[in-house]
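The structure file protein.cif is reproduced below (mmCIF, C-alpha atoms).
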data_model
loop_
_atom_site.label_atom_id
_atom_site.label_comp_id
_atom_site.auth_asym_id
_atom_site.auth_seq_id
_atom_site.Cartn_x
_atom_site.Cartn_y
_atom_site.Cartn_z
CA MET A 1 82.96 156.25 66.23
CA GLU A 2 84.09 159.84 65.91
CA GLY A 3 85.47 162.36 63.50
CA PHE A 4 82.52 162.41 61.13
CA GLY A 5 81.15 165.52 59.52
CA SER A 6 77.77 167.17 59.32
CA VAL A 7 74.39 165.48 59.48
CA GLU A 8 72.58 165.87 56.17
CA VAL A 9 68.81 166.03 56.58
CA ASP A 10 66.55 165.51 53.58
CA ALA A 11 63.16 166.65 54.85
CA GLY A 12 61.25 165.10 51.96
CA GLU A 13 62.87 161.69 52.18
CA PRO A 14 60.45 158.81 51.48
CA ALA A 15 60.47 155.57 53.50
CA PHE A 16 62.48 153.96 50.71
CA ARG A 17 64.71 155.96 48.39
CA HIS A 18 64.96 153.26 45.72
CA ALA A 19 62.74 150.39 44.65
CA TRP A 20 65.44 147.83 45.52
CA GLU A 21 65.60 149.17 49.11
CA ALA A 22 61.91 148.44 49.59
CA ARG A 23 62.34 144.95 48.13
CA MET A 24 65.33 144.38 50.42
CA PHE A 25 63.31 145.38 53.49
CA GLY A 26 60.73 142.71 52.64
CA ILE A 27 63.32 140.09 51.63
CA ALA A 28 65.11 140.53 54.95
CA GLY A 29 61.88 140.12 56.91
CA GLY A 30 61.02 136.91 55.07
CA ALA A 31 64.51 135.42 54.98
CA LEU A 32 65.34 136.08 58.64
CA ALA A 33 62.04 134.58 59.78
CA SER A 34 62.25 131.50 57.56
CA GLY A 35 65.85 130.81 58.53
CA GLY A 36 65.20 131.30 62.24
CA PHE A 37 67.87 134.00 62.44
CA ASN A 38 67.44 136.25 65.47
CA THR A 39 68.06 140.01 65.51
CA PRO A 40 71.47 139.79 67.24
CA MET A 41 72.65 137.36 64.53
CA PHE A 42 71.49 139.82 61.88
CA ARG A 43 73.16 142.78 63.61
CA HIS A 44 76.36 140.81 64.06
CA ALA A 45 76.38 139.93 60.35
CA ILE A 46 76.23 143.67 59.61
CA GLU A 47 79.00 144.36 62.14
CA ARG A 48 81.17 141.76 60.43
CA MET A 49 81.13 143.64 57.14
CA ASP A 50 84.48 144.86 55.95
CA PRO A 51 84.82 148.33 57.55
CA GLY A 52 85.52 149.97 54.20
CA HIS A 53 82.44 148.38 52.67
CA TYR A 54 80.29 149.25 55.70
CA LEU A 55 81.20 152.93 55.72
CA THR A 56 80.78 153.40 51.98
CA SER A 57 77.49 151.55 51.57
CA SER A 58 73.91 152.44 52.36
CA TYR A 59 71.71 151.09 55.14
CA TYR A 60 69.89 148.62 52.94
CA GLU A 61 73.15 147.46 51.38
CA HIS A 62 74.10 146.49 54.94
CA TRP A 63 70.88 144.47 55.12
CA LEU A 64 71.56 142.89 51.73
CA THR A 65 75.08 141.88 52.70
CA ALA A 66 74.05 140.56 56.13
CA VAL A 67 71.10 138.50 54.88
CA ALA A 68 73.18 136.95 52.09
CA THR A 69 75.99 136.21 54.57
CA LEU A 70 73.70 134.46 57.05
CA LEU A 71 72.12 132.35 54.31
CA VAL A 72 75.52 131.39 52.87
CA GLU A 73 76.80 130.46 56.34
CA ALA A 74 73.69 128.34 56.91
CA GLY A 75 74.30 126.56 53.60
CA THR A 76 70.98 127.70 52.16
CA ILE A 77 72.63 129.42 49.22
CA SER A 78 76.18 129.42 47.92
CA PRO A 79 78.54 132.26 47.08
CA ASP A 80 78.81 130.81 43.56
CA GLU A 81 75.06 131.09 43.03
CA LEU A 82 75.18 134.74 44.12
CA ASP A 83 78.26 135.54 42.03
CA ALA A 84 76.81 133.89 38.96
CA ARG A 85 73.75 136.11 39.05
CA ALA A 86 75.22 139.34 40.35
CA GLY A 87 78.75 139.26 38.96
CA GLY A 88 80.46 139.69 42.34
CA PHE A 89 78.79 139.69 45.73
CA PRO A 90 80.85 140.85 48.73
CA LEU A 91 79.88 139.13 51.97
CA SER A 92 80.73 139.82 55.62
CA HIS A 93 83.83 138.38 57.27
CA PRO A 94 83.47 135.17 59.29
CA ALA A 95 82.71 135.53 63.01
CA ALA A 96 85.80 136.02 65.16
CA VAL A 97 84.31 134.10 68.09
CA GLY A 98 82.32 130.89 68.45
CA ALA A 99 79.60 129.64 70.77
CA GLY A 100 82.19 128.49 73.31
CA ASP A 101 83.75 131.94 73.55
CA VAL A 102 80.73 133.52 75.19
CA ASP A 103 81.39 133.76 78.92
CA ALA A 104 79.22 131.53 81.02
CA VAL A 105 77.01 134.09 82.69
CA THR A 106 74.64 133.30 85.49
CA PRO A 107 71.83 135.72 84.87
CA SER A 108 68.91 136.23 87.17
CA GLU A 109 65.57 137.56 86.12
CA THR A 110 65.36 139.44 89.41
CA PRO A 111 67.16 142.79 89.12
CA ARG A 112 70.13 143.30 91.45
CA TYR A 113 69.97 147.07 91.10
CA ALA A 114 67.35 149.69 91.87
CA VAL A 115 66.81 153.23 90.65
CA GLY A 116 69.49 155.49 92.14
CA ASP A 117 72.15 152.78 92.57
CA ALA A 118 75.63 153.72 91.39
CA VAL A 119 77.21 151.31 88.92
CA ARG A 120 80.28 151.03 86.76
CA VAL A 121 80.25 149.48 83.29
CA ARG A 122 82.64 146.56 82.96
CA ASP A 123 85.49 147.28 80.61
CA VAL A 124 85.20 144.03 78.70
CA GLN A 125 86.71 143.54 75.27
CA PHE A 126 84.74 140.99 73.26
CA ALA A 127 85.41 140.33 69.60
CA GLY A 128 81.86 139.16 68.91
CA HIS A 129 78.44 140.80 69.06
CA THR A 130 77.73 142.97 72.07
CA ARG A 131 75.28 145.74 72.92
CA CYS A 132 77.62 147.43 75.39
CA PRO A 133 78.68 150.64 73.64
CA ARG A 134 82.40 151.33 73.80
CA TYR A 135 81.98 154.91 75.05
CA VAL A 136 80.49 153.84 78.39
CA ARG A 137 82.90 151.00 79.21
CA GLY A 138 84.70 151.63 82.48
CA ARG A 139 82.46 154.63 83.21
CA ARG A 140 80.31 155.33 86.26
CA GLY A 141 76.62 155.92 86.04
CA VAL A 142 73.41 155.74 88.03
CA ILE A 143 70.46 153.41 87.45
CA ALA A 144 67.64 155.57 86.03
CA ARG A 145 65.08 152.91 85.11
CA VAL A 146 64.69 149.18 85.68
CA ASP A 147 63.47 147.41 82.53
CA PRO A 148 62.10 143.90 82.04
CA ALA A 149 64.61 141.06 81.68
CA ALA A 150 65.58 140.57 78.04
CA PRO A 151 67.65 138.04 76.04
CA ILE A 152 71.40 138.56 76.34
CA PRO A 153 72.63 139.63 72.89
CA GLU A 154 76.00 137.80 73.12
CA VAL A 155 74.23 134.52 73.90
CA GLU A 156 71.58 134.98 71.21
CA ALA A 157 74.11 135.93 68.55
CA HIS A 158 76.70 133.23 69.22
CA ARG A 159 74.80 130.37 70.84
CA ARG A 160 71.46 131.02 69.17
CA GLU A 161 69.76 130.65 72.56
CA ARG A 162 67.62 132.97 74.64
CA MET A 163 68.93 133.62 78.15
CA LEU A 164 67.29 136.48 80.02
CA ASP A 165 69.11 139.17 81.98
CA PRO A 166 67.66 142.20 83.75
CA SER A 167 68.24 145.43 81.86
CA TYR A 168 68.41 149.07 82.84
CA SER A 169 68.59 152.61 81.61
CA VAL A 170 71.81 153.97 83.12
CA ARG A 171 72.45 157.69 83.35
CA PHE A 172 75.94 159.08 82.76
CA ASP A 173 77.01 162.69 83.22
CA ALA A 174 78.59 163.99 80.01
CA ALA A 175 81.71 164.91 82.02
CA GLU A 176 82.14 161.28 83.15
CA LEU A 177 82.18 160.18 79.50
CA TRP A 178 84.03 163.00 77.76
CA SER A 179 86.00 164.75 80.53
CA GLY A 180 87.08 168.24 79.50
CA ALA A 181 85.47 167.97 76.07
CA ALA A 182 82.01 167.45 77.60
CA GLU A 183 79.24 169.96 76.98
CA PRO A 184 77.81 171.33 80.24
CA ASN A 185 74.37 170.40 81.55
CA SER A 186 73.92 167.22 79.57
CA SER A 187 73.70 163.52 80.25
CA MET A 188 73.50 160.29 78.27
CA LEU A 189 71.07 157.55 79.22
CA VAL A 190 72.20 154.20 77.88
CA ASP A 191 70.28 150.92 78.01
CA LEU A 192 72.48 148.18 79.46
CA TYR A 193 72.15 144.55 80.50
CA GLU A 194 72.92 143.65 84.11
CA GLN A 195 75.89 141.49 83.09
CA TYR A 196 77.64 144.64 81.84
CA LEU A 197 77.46 146.30 85.26
CA ASP A 198 79.27 146.22 88.62
CA ARG A 199 78.11 147.92 91.79
CA VAL A 200 80.24 150.91 92.79
CA MET B 1 78.00 146.13 32.39
CA SER B 2 74.47 146.68 31.26
CA ASP B 3 71.16 145.19 32.25
CA GLU B 4 69.90 142.80 29.62
CA HIS B 5 66.47 142.05 31.03
CA GLY B 6 64.90 144.99 29.31
CA HIS B 7 62.52 146.20 32.02
CA HIS B 8 64.83 148.90 33.26
CA PRO B 9 65.52 151.87 31.06
CA GLN B 10 68.92 152.28 32.73
CA PRO B 11 71.62 149.76 33.59
CA LEU B 12 71.29 148.37 37.09
CA SER B 13 73.80 149.54 39.65
CA ASP B 14 75.96 146.92 41.38
CA VAL B 15 73.82 146.95 44.48
CA GLU B 16 70.59 146.67 42.47
CA ARG B 17 72.02 143.68 40.65
CA ARG B 18 72.95 142.04 43.95
CA ALA B 19 69.53 142.74 45.48
CA ARG B 20 67.81 141.29 42.45
CA ALA B 21 70.08 138.24 42.47
CA LEU B 22 69.26 137.56 46.10
CA GLU B 23 65.52 138.03 45.63
CA GLU B 24 65.44 135.74 42.59
CA LEU B 25 67.48 133.06 44.30
CA LEU B 26 65.40 133.11 47.47
CA THR B 27 62.15 133.14 45.54
CA GLU B 28 63.22 130.12 43.47
CA LYS B 29 64.17 128.25 46.63
CA GLY B 30 60.86 129.13 48.27
CA ILE B 31 62.50 131.06 51.11
CA VAL B 32 60.68 134.31 50.41
CA ASN B 33 57.60 135.02 48.36
CA GLY B 34 56.57 138.10 46.47
CA GLU B 35 53.27 138.55 48.27
CA PHE B 36 54.96 138.74 51.67
CA ILE B 37 57.53 141.23 50.36
CA ASP B 38 54.77 143.35 48.79
CA TRP B 39 52.86 143.32 52.08
CA MET B 40 55.90 144.40 54.12
CA VAL B 41 56.73 147.18 51.69
CA GLU B 42 53.20 148.49 51.53
CA ALA B 43 52.77 148.40 55.31
CA TYR B 44 55.92 150.39 56.02
CA ALA B 45 55.77 152.71 53.01
CA GLU B 46 52.10 153.63 53.53
CA ASP B 47 50.47 152.56 56.79
CA VAL B 48 53.11 152.91 59.49
CA GLY B 49 54.82 156.23 59.96
CA PRO B 50 55.15 159.41 62.02
CA MET B 51 51.45 160.18 61.53
CA ASN B 52 50.87 157.48 64.17
CA GLY B 53 53.20 159.11 66.67
CA ALA B 54 51.66 162.52 65.92
CA LYS B 55 48.26 161.16 67.03
CA VAL B 56 49.81 159.94 70.28
CA VAL B 57 51.41 163.33 70.93
CA ALA B 58 48.25 165.27 70.11
CA ARG B 59 46.19 163.06 72.42
CA ALA B 60 48.71 163.63 75.24
CA TRP B 61 48.46 167.40 74.68
CA VAL B 62 44.68 167.48 75.03
CA ASP B 63 44.11 164.71 77.58
CA PRO B 64 46.13 164.96 80.84
CA GLY B 65 45.05 161.46 81.91
CA TYR B 66 46.35 160.02 78.65
CA LYS B 67 49.61 161.94 79.01
CA GLU B 68 50.11 160.46 82.48
CA ARG B 69 49.51 156.95 81.13
CA LEU B 70 51.84 157.59 78.20
CA LEU B 71 54.68 158.69 80.46
CA SER B 72 54.21 155.82 82.91
CA ASP B 73 53.66 153.01 80.36
CA GLY B 74 54.27 154.16 76.80
CA THR B 75 53.63 150.78 75.19
CA ALA B 76 50.17 150.42 76.75
CA ALA B 77 49.13 154.02 76.08
CA ILE B 78 50.24 153.74 72.45
CA ALA B 79 48.31 150.47 72.12
CA GLU B 80 45.18 152.36 73.27
CA LEU B 81 45.34 154.18 69.93
CA GLY B 82 45.79 150.90 68.08
CA PHE B 83 49.53 151.09 67.42
CA GLY B 84 51.98 148.26 68.09
CA GLY B 85 54.04 145.63 66.32
CA PRO B 86 57.71 145.03 65.51
CA GLU B 87 60.14 147.29 67.41
CA GLY B 88 57.28 148.33 69.65
CA ASP B 89 57.35 145.84 72.52
CA HIS B 90 58.69 148.40 74.98
CA ILE B 91 58.18 152.04 74.08
CA VAL B 92 59.23 154.71 76.56
CA ALA B 93 57.88 158.25 76.13
CA VAL B 94 60.06 161.08 77.46
CA GLU B 95 58.66 164.56 77.98
CA ASN B 96 60.29 167.79 76.87
CA THR B 97 59.79 170.74 79.20
CA PRO B 98 61.31 174.23 79.37
CA ASP B 99 64.02 172.72 81.64
CA VAL B 100 64.71 169.39 79.93
CA HIS B 101 65.25 168.59 76.26
CA ASN B 102 65.24 164.90 75.30
CA VAL B 103 66.74 163.51 72.11
CA VAL B 104 67.05 159.93 70.86
CA VAL B 105 69.90 158.11 69.14
CA CYS B 106 71.02 154.54 68.55
CA THR B 107 74.81 154.62 68.65
CA LEU B 108 75.15 150.90 67.86
CA CYS B 109 72.85 150.65 64.86
CA SER B 110 69.50 152.26 64.09
CA CYS B 111 66.93 151.18 66.72
CA TYR B 112 63.76 153.20 66.32
CA PRO B 113 60.10 152.93 67.48
CA TRP B 114 58.58 151.60 64.25
CA PRO B 115 54.90 151.52 65.33
CA VAL B 116 54.84 155.26 66.02
CA LEU B 117 57.51 156.64 63.68
CA GLY B 118 57.80 154.10 60.87
CA LEU B 119 61.27 153.42 59.49
CA PRO B 120 64.15 155.74 60.41
CA PRO B 121 65.39 158.41 58.00
CA THR B 122 68.86 158.11 56.50
CA TRP B 123 70.41 160.78 58.72
CA TYR B 124 69.32 158.92 61.88
CA LYS B 125 71.23 155.87 60.63
CA SER B 126 74.32 157.84 59.59
CA PRO B 127 77.67 157.58 61.41
CA PRO B 128 77.86 161.38 61.98
CA TYR B 129 74.51 161.50 63.80
CA ARG B 130 75.19 158.32 65.79
CA SER B 131 78.61 159.44 66.98
CA ARG B 132 78.09 163.16 67.48
CA MET B 133 74.72 163.11 69.27
CA VAL B 134 76.25 161.52 72.36
CA ARG B 135 79.47 163.51 72.15
CA GLU B 136 78.23 167.03 71.46
CA PRO B 137 74.43 167.04 71.52
CA ARG B 138 73.96 170.78 72.05
CA ALA B 139 76.23 171.67 69.16
CA LEU B 140 74.67 169.11 66.84
CA LEU B 141 71.11 170.12 67.78
CA ALA B 142 71.96 173.76 67.03
CA GLU B 143 73.46 172.71 63.71
CA MET B 144 70.22 170.87 62.92
CA GLY B 145 68.21 174.00 63.68
CA CYS B 146 67.14 173.11 67.21
CA ASP B 147 68.74 175.52 69.67
CA VAL B 148 68.47 174.44 73.30
CA PRO B 149 69.03 177.20 75.89
CA GLU B 150 72.18 176.79 78.01
CA ASP B 151 70.14 176.48 81.19
CA ALA B 152 68.06 173.60 79.85
CA GLU B 153 69.42 170.12 80.48
CA ILE B 154 69.89 167.84 77.49
CA ARG B 155 69.17 164.14 77.96
CA VAL B 156 70.38 161.89 75.16
CA TRP B 157 68.69 158.47 75.12
CA ASP B 158 70.81 155.76 73.50
CA SER B 159 68.48 152.88 72.62
CA SER B 160 71.12 150.19 72.97
CA ALA B 161 68.86 147.39 74.32
CA GLU B 162 65.12 146.67 74.08
CA ALA B 163 63.48 150.03 74.88
CA ARG B 164 62.49 152.33 72.03
CA TYR B 165 61.95 156.03 72.71
CA LEU B 166 59.34 158.58 71.69
CA VAL B 167 59.90 162.23 72.58
CA LEU B 168 56.78 164.07 73.72
CA PRO B 169 57.51 167.61 72.52
CA GLU B 170 56.25 170.76 74.23
CA ARG B 171 52.94 171.94 72.84
CA PRO B 172 53.54 175.09 70.77
CA ALA B 173 52.20 178.27 72.33
CA ARG B 174 50.49 179.20 69.06
CA SER B 175 48.24 176.13 69.22
CA ASP B 176 45.62 177.38 71.68
CA GLY B 177 42.17 176.38 70.57
CA ALA B 178 43.39 173.87 67.98
CA THR B 179 41.56 170.57 67.69
CA GLU B 180 43.32 167.28 68.37
CA GLU B 181 43.48 166.64 64.64
CA GLU B 182 44.94 170.07 63.96
CA LEU B 183 47.50 169.49 66.71
CA ALA B 184 48.55 166.16 65.19
CA ALA B 185 49.22 167.96 61.92
CA LEU B 186 51.77 170.17 63.73
CA VAL B 187 53.85 167.23 64.97
CA GLY B 188 56.60 166.09 62.64
CA ARG B 189 58.89 163.08 62.86
CA ASP B 190 61.94 165.12 63.84
CA ALA B 191 60.17 166.62 66.86
CA MET B 192 59.41 163.10 68.12
CA ILE B 193 63.10 162.15 67.79
CA GLY B 194 64.01 165.35 69.60
CA VAL B 195 65.98 167.16 66.89
CA ALA B 196 63.27 169.73 66.16
CA ARG B 197 60.33 171.50 67.78
CA PRO B 198 56.77 171.32 66.48
#
As structure tokens, please, write out the structure in this file.
Amino acid sequence: MEGFGSVEVDAGEPAFRHAWEARMFGIAGGALASGGFNTPMFRHAIERMDPGHYLTSSYYEHWLTAVATLLVEAGTISPDELDARAGGFPLSHPAAVGAGDVDAVTPSETPRYAVGDAVRVRDVQFAGHTRCPRYVRGRRGVIARVDPAAPIPEVEAHRRERMLDPSYSVRFDAAELWSGAAEPNSSMLVDLYEQYLDRV
Amino acid sequence: MSDEHGHHPQPLSDVERRARALEELLTEKGIVNGEFIDWMVEAYAEDVGPMNGAKVVARAWVDPGYKERLLSDGTAAIAELGFGGPEGDHIVAVENTPDVHNVVVCTLCSCYPWPVLGLPPTWYKSPPYRSRMVREPRALLAEMGCDVPEDAEIRVWDSSAEARYLVLPERPARSDGATEEELAALVGRDAMIGVARP
């Protein structure tokens, strides 16, 4: 994402700005747990919102839309029930990929890389849920920290399974990411799963 | 369209009507219950927040052994003070020094260390913060009132996987002789994200 304006800080902001936001926080916690929806499924349901709706709605409206979408897709509630009560209830778009579209990865819980190793982020385009940020794809970095193996988000989101992959904090020089537009003397450290990386 | 239920003095907005519709529907179907929602709301509106992180920071400022443990295993050191829970399984503390300024962002969504900072503020979740902090951190920090000298390195931590980050700010020079409790009172949320100094 780019091209956005200033960051507006409200120093006195409470945890919840409106009563419905607080209710939504609790509803999401209860509904996700009772439906067995994992965090990547929830995030993906937010990512599937219509871009215009996403950018013009608040954080907890994202939660509201995503929770309702997951429950409708699971058949727990129907769009008609929502519409009847709310008088219109926009939901997220259907997923663009299915369980079979997730590449068969062969993860290992033993890390292949060590601190200091040079890596390049695979430039993979995937229309489903991923935690590989676009701005590091194809870029070179150095392993800065080796983290515990963690469930692969693509597999959790689309197959609803847990498959562990080693993960890392990878350090990128600003100049590698932004070329001539980069600010001097700065770096970005991005947390990435091993399946996103190739050795350089 | 106006609200006809009578409890609200003003008509509900569209989003309020949708939130209420969802809550009513899920309550009727037994998927959520009011007590659980009340508990979640109370916990995160009252009990979990940056006052927890401030205690961690103050302890690290007065106790070098604790600081060492915090920087080598943040999760365990934070648990020593009784803090943990959702979004706190792997907390990494990063130390600001005169030479290095750390700042935290989640470019993909809004990942945040709930046990020590509570729920993230709106600006942290906003597209401008999420896009600009990786692209032009020094300029954005200055805009937010946090000037970082040119000769200090800026490290931007993008919490795109499981780790959640807590910035350990530099102890202010004016705090000599302050008690641990007084020090904690100096530490605000924004300093522990890295967009301000205590």
Neighbours of A:Ser169 within 7 Å (only C-alpha atoms; same-chain residues fewer than 3 positions away dropped), as a list in words?
Ile143, Ala144, Arg145, Val146, Leu189, Val190, Asp191 and Leu192 of chain A
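Minimum atom-to-atom distances from B:Asp63, B:Glu35, B:Ile154, B:Arg164 to B:Thr75 were compared using all atoms listed in the file, and the lowest value belongs to B:Arg164.
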Hey, which bits of chain B sit within 8 Å of chain A, and for each residue what's the closest pair of atoms and how far apart in Å (one decimal), counting only C-alpha atoms, rows by chain and increasing number, as JSON lines?
{"residue": "B:Asp14", "atom": "CA", "partner": "A:Ala86", "partner_atom": "CA", "distance": 7.7}
{"residue": "B:Val15", "atom": "CA", "partner": "A:Glu61", "partner_atom": "CA", "distance": 7.0}
{"residue": "B:Glu16", "atom": "CA", "partner": "A:Trp20", "partner_atom": "CA", "distance": 6.1}
{"residue": "B:Arg17", "atom": "CA", "partner": "A:Ala86", "partner_atom": "CA", "distance": 5.4}
{"residue": "B:Arg18", "atom": "CA", "partner": "A:Ala86", "partner_atom": "CA", "distance": 5.0}
{"residue": "B:Ala19", "atom": "CA", "partner": "A:Trp20", "partner_atom": "CA", "distance": 6.5}
{"residue": "B:Arg20", "atom": "CA", "partner": "A:Trp20", "partner_atom": "CA", "distance": 7.6}
{"residue": "B:Ala21", "atom": "CA", "partner": "A:Arg85", "partner_atom": "CA", "distance": 5.4}
{"residue": "B:Leu22", "atom": "CA", "partner": "A:Leu82", "partner_atom": "CA", "distance": 6.8}
{"residue": "B:Glu23", "atom": "CA", "partner": "A:Ile27", "partner_atom": "CA", "distance": 6.7}
{"residue": "B:Leu25", "atom": "CA", "partner": "A:Leu82", "partner_atom": "CA", "distance": 7.9}
{"residue": "B:Leu26", "atom": "CA", "partner": "A:Ala31", "partner_atom": "CA", "distance": 7.9}
{"residue": "B:Ile31", "atom": "CA", "partner": "A:Ala31", "partner_atom": "CA", "distance": 6.2}
{"residue": "B:Val32", "atom": "CA", "partner": "A:Gly30", "partner_atom": "CA", "distance": 5.3}
{"residue": "B:Asn33", "atom": "CA", "partner": "A:Gly30", "partner_atom": "CA", "distance": 7.8}
{"residue": "B:Phe36", "atom": "CA", "partner": "A:Gly26", "partner_atom": "CA", "distance": 7.1}
{"residue": "B:Ile37", "atom": "CA", "partner": "A:Gly26", "partner_atom": "CA", "distance": 4.2}
{"residue": "B:Asp38", "atom": "CA", "partner": "A:Gly26", "partner_atom": "CA", "distance": 7.1}
{"residue": "B:Trp39", "atom": "CA", "partner": "A:Gly26", "partner_atom": "CA", "distance": 7.9}
{"residue": "B:Met40", "atom": "CA", "partner": "A:Gly26", "partner_atom": "CA", "distance": 5.3}
{"residue": "B:Val41", "atom": "CA", "partner": "A:Ala22", "partner_atom": "CA", "distance": 5.7}
{"residue": "B:Tyr44", "atom": "CA", "partner": "A:Ala15", "partner_atom": "CA", "distance": 7.3}
{"residue": "B:Ala45", "atom": "CA", "partner": "A:Ala15", "partner_atom": "CA", "distance": 5.5}
{"residue": "B:Thr107", "atom": "CA", "partner": "A:Pro133", "partner_atom": "CA", "distance": 7.5}
{"residue": "B:Leu108", "atom": "CA", "partner": "A:Pro133", "partner_atom": "CA", "distance": 6.8}
{"residue": "B:Cys109", "atom": "CA", "partner": "A:Arg43", "partner_atom": "CA", "distance": 8.0}
{"residue": "B:Gly118", "atom": "CA", "partner": "A:Ala15", "partner_atom": "CA", "distance": 8.0}
{"residue": "B:Leu119", "atom": "CA", "partner": "A:Ala15", "partner_atom": "CA", "distance": 6.4}
{"residue": "B:Pro120", "atom": "CA", "partner": "A:Ala15", "partner_atom": "CA", "distance": 7.8}
{"residue": "B:Pro121", "atom": "CA", "partner": "A:Glu13", "partner_atom": "CA", "distance": 7.1}
{"residue": "B:Thr122", "atom": "CA", "partner": "A:Tyr59", "partner_atom": "CA", "distance": 7.7}
{"residue": "B:Trp123", "atom": "CA", "partner": "A:Val9", "partner_atom": "CA", "distance": 5.9}
{"residue": "B:Lys125", "atom": "CA", "partner": "A:Tyr59", "partner_atom": "CA", "distance": 7.3}
{"residue": "B:Ser126", "atom": "CA", "partner": "A:Val7", "partner_atom": "CA", "distance": 7.6}
{"residue": "B:Pro127", "atom": "CA", "partner": "A:Phe4", "partner_atom": "CA", "distance": 6.9}
{"residue": "B:Pro128", "atom": "CA", "partner": "A:Phe4", "partner_atom": "CA", "distance": 4.8}
{"residue": "B:Tyr129", "atom": "CA", "partner": "A:Val7", "partner_atom": "CA", "distance": 5.9}
{"residue": "B:Ser131", "atom": "CA", "partner": "A:Met1", "partner_atom": "CA", "distance": 5.4}
{"residue": "B:Arg132", "atom": "CA", "partner": "A:Glu2", "partner_atom": "CA", "distance": 7.0}
{"residue": "B:Val134", "atom": "CA", "partner": "A:Met188", "partner_atom": "CA", "distance": 6.6}
{"residue": "B:Arg135", "atom": "CA", "partner": "A:Ala182", "partner_atom": "CA", "distance": 7.2}
{"residue": "B:Glu136", "atom": "CA", "partner": "A:Glu183", "partner_atom": "CA", "distance": 6.3}
{"residue": "B:Pro137", "atom": "CA", "partner": "A:Glu183", "partner_atom": "CA", "distance": 7.8}
{"residue": "B:Arg138", "atom": "CA", "partner": "A:Glu183", "partner_atom": "CA", "distance": 7.3}
{"residue": "B:Met144", "atom": "CA", "partner": "A:Val7", "partner_atom": "CA", "distance": 7.6}
{"residue": "B:Glu150", "atom": "CA", "partner": "A:Asn185", "partner_atom": "CA", "distance": 7.6}
{"residue": "B:Asp151", "atom": "CA", "partner": "A:Asn185", "partner_atom": "CA", "distance": 7.4}
{"residue": "B:Ala152", "atom": "CA", "partner": "A:Asn185", "partner_atom": "CA", "distance": 7.3}
{"residue": "B:Glu153", "atom": "CA", "partner": "A:Asn185", "partner_atom": "CA", "distance": 5.1}
{"residue": "B:Ile154", "atom": "CA", "partner": "A:Ser186", "partner_atom": "CA", "distance": 4.6}
{"residue": "B:Arg155", "atom": "CA", "partner": "A:Ser187", "partner_atom": "CA", "distance": 5.1}
{"residue": "B:Val156", "atom": "CA", "partner": "A:Met188", "partner_atom": "CA", "distance": 4.7}
{"residue": "B:Trp157", "atom": "CA", "partner": "A:Leu189", "partner_atom": "CA", "distance": 4.8}
{"residue": "B:Asp158", "atom": "CA", "partner": "A:Val190", "partner_atom": "CA", "distance": 4.9}
{"residue": "B:Ser159", "atom": "CA", "partner": "A:Asp191", "partner_atom": "CA", "distance": 6.0}
{"residue": "B:Ser160", "atom": "CA", "partner": "A:Asp191", "partner_atom": "CA", "distance": 5.2}
{"residue": "B:Ala161", "atom": "CA", "partner": "A:Asp191", "partner_atom": "CA", "distance": 5.3}
{"residue": "B:Glu162", "atom": "CA", "partner": "A:Ala150", "partner_atom": "CA", "distance": 7.3}
{"residue": "B:Ala163", "atom": "CA", "partner": "A:Asp191", "partner_atom": "CA", "distance": 7.5}
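Atom CA of B:Leu186 sits 5.8 Å away from atom CA of B:Pro198.
The shortest atom-to-atom distance to B:Ala173, with all atoms listed in the file taken into account, belongs to B:Trp61 out of B:Leu70, B:Trp61, B:Arg130, B:Tyr124.
Against this structure, the PyMOL selection byres ((chain B and resi 64-67) around 12) ends up with Lys55, Val56, Val57, Ala58, Arg59, Ala60, Trp61, Val62, Asp63, Glu68, Arg69, Leu70, Leu71, Ser72, Asp73, Gly74, Ala76, Ala77, Ile78, Ala79, Glu80, Leu81, Ala93, Val94, Glu95, Leu168 and Pro169 of chain B.
The space separating atom CA of B:Val92 from atom CA of B:Val104 comes to 11.0 Å.
Rounded to one decimal, atom CA of B:Trp114 and atom CA of A:Phe37 lie 20.0 Å from each other.
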Apply the PyMOL selection byres ((chain B and resi 187) around 12) to the displayed file and report the matching residues as an MDAnalysis selection string.
chainID B and resid 50:59 61 117 167:172 175 180:186 188:194 196:198
List the residues matched by the PyMOL selection byres ((chain A and resi 127-129) around 7) in the displayed structure as a PDB file with C-alpha atoms, keeping the file's coordinate frame, ordered by chain and then by residue number.
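Result file result.pdb:
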ATOM      1  CA  HIS A  44      76.360 140.810  64.060  1.00  0.00           C
ATOM      2  CA  ALA A  95      82.710 135.530  63.010  1.00  0.00           C
ATOM      3  CA  ALA A  96      85.800 136.020  65.160  1.00  0.00           C
ATOM      4  CA  VAL A  97      84.310 134.100  68.090  1.00  0.00           C
ATOM      5  CA  GLN A 125      86.710 143.540  75.270  1.00  0.00           C
ATOM      6  CA  PHE A 126      84.740 140.990  73.260  1.00  0.00           C
ATOM      7  CA  THR A 130      77.730 142.970  72.070  1.00  0.00           C
ATOM      8  CA  GLU A 154      76.000 137.800  73.120  1.00  0.00           C
ATOM      9  CA  ALA A 157      74.110 135.930  68.550  1.00  0.00           C
TER      10      ALA A 157
END
Pull the neighbourhood of (80.4, 144.1, 85.1) for me: all residues within 9 Å in file coordinates, counting all atoms listed in the file, as a PyMOL selection string.
chain A and resi 119-124+194-199
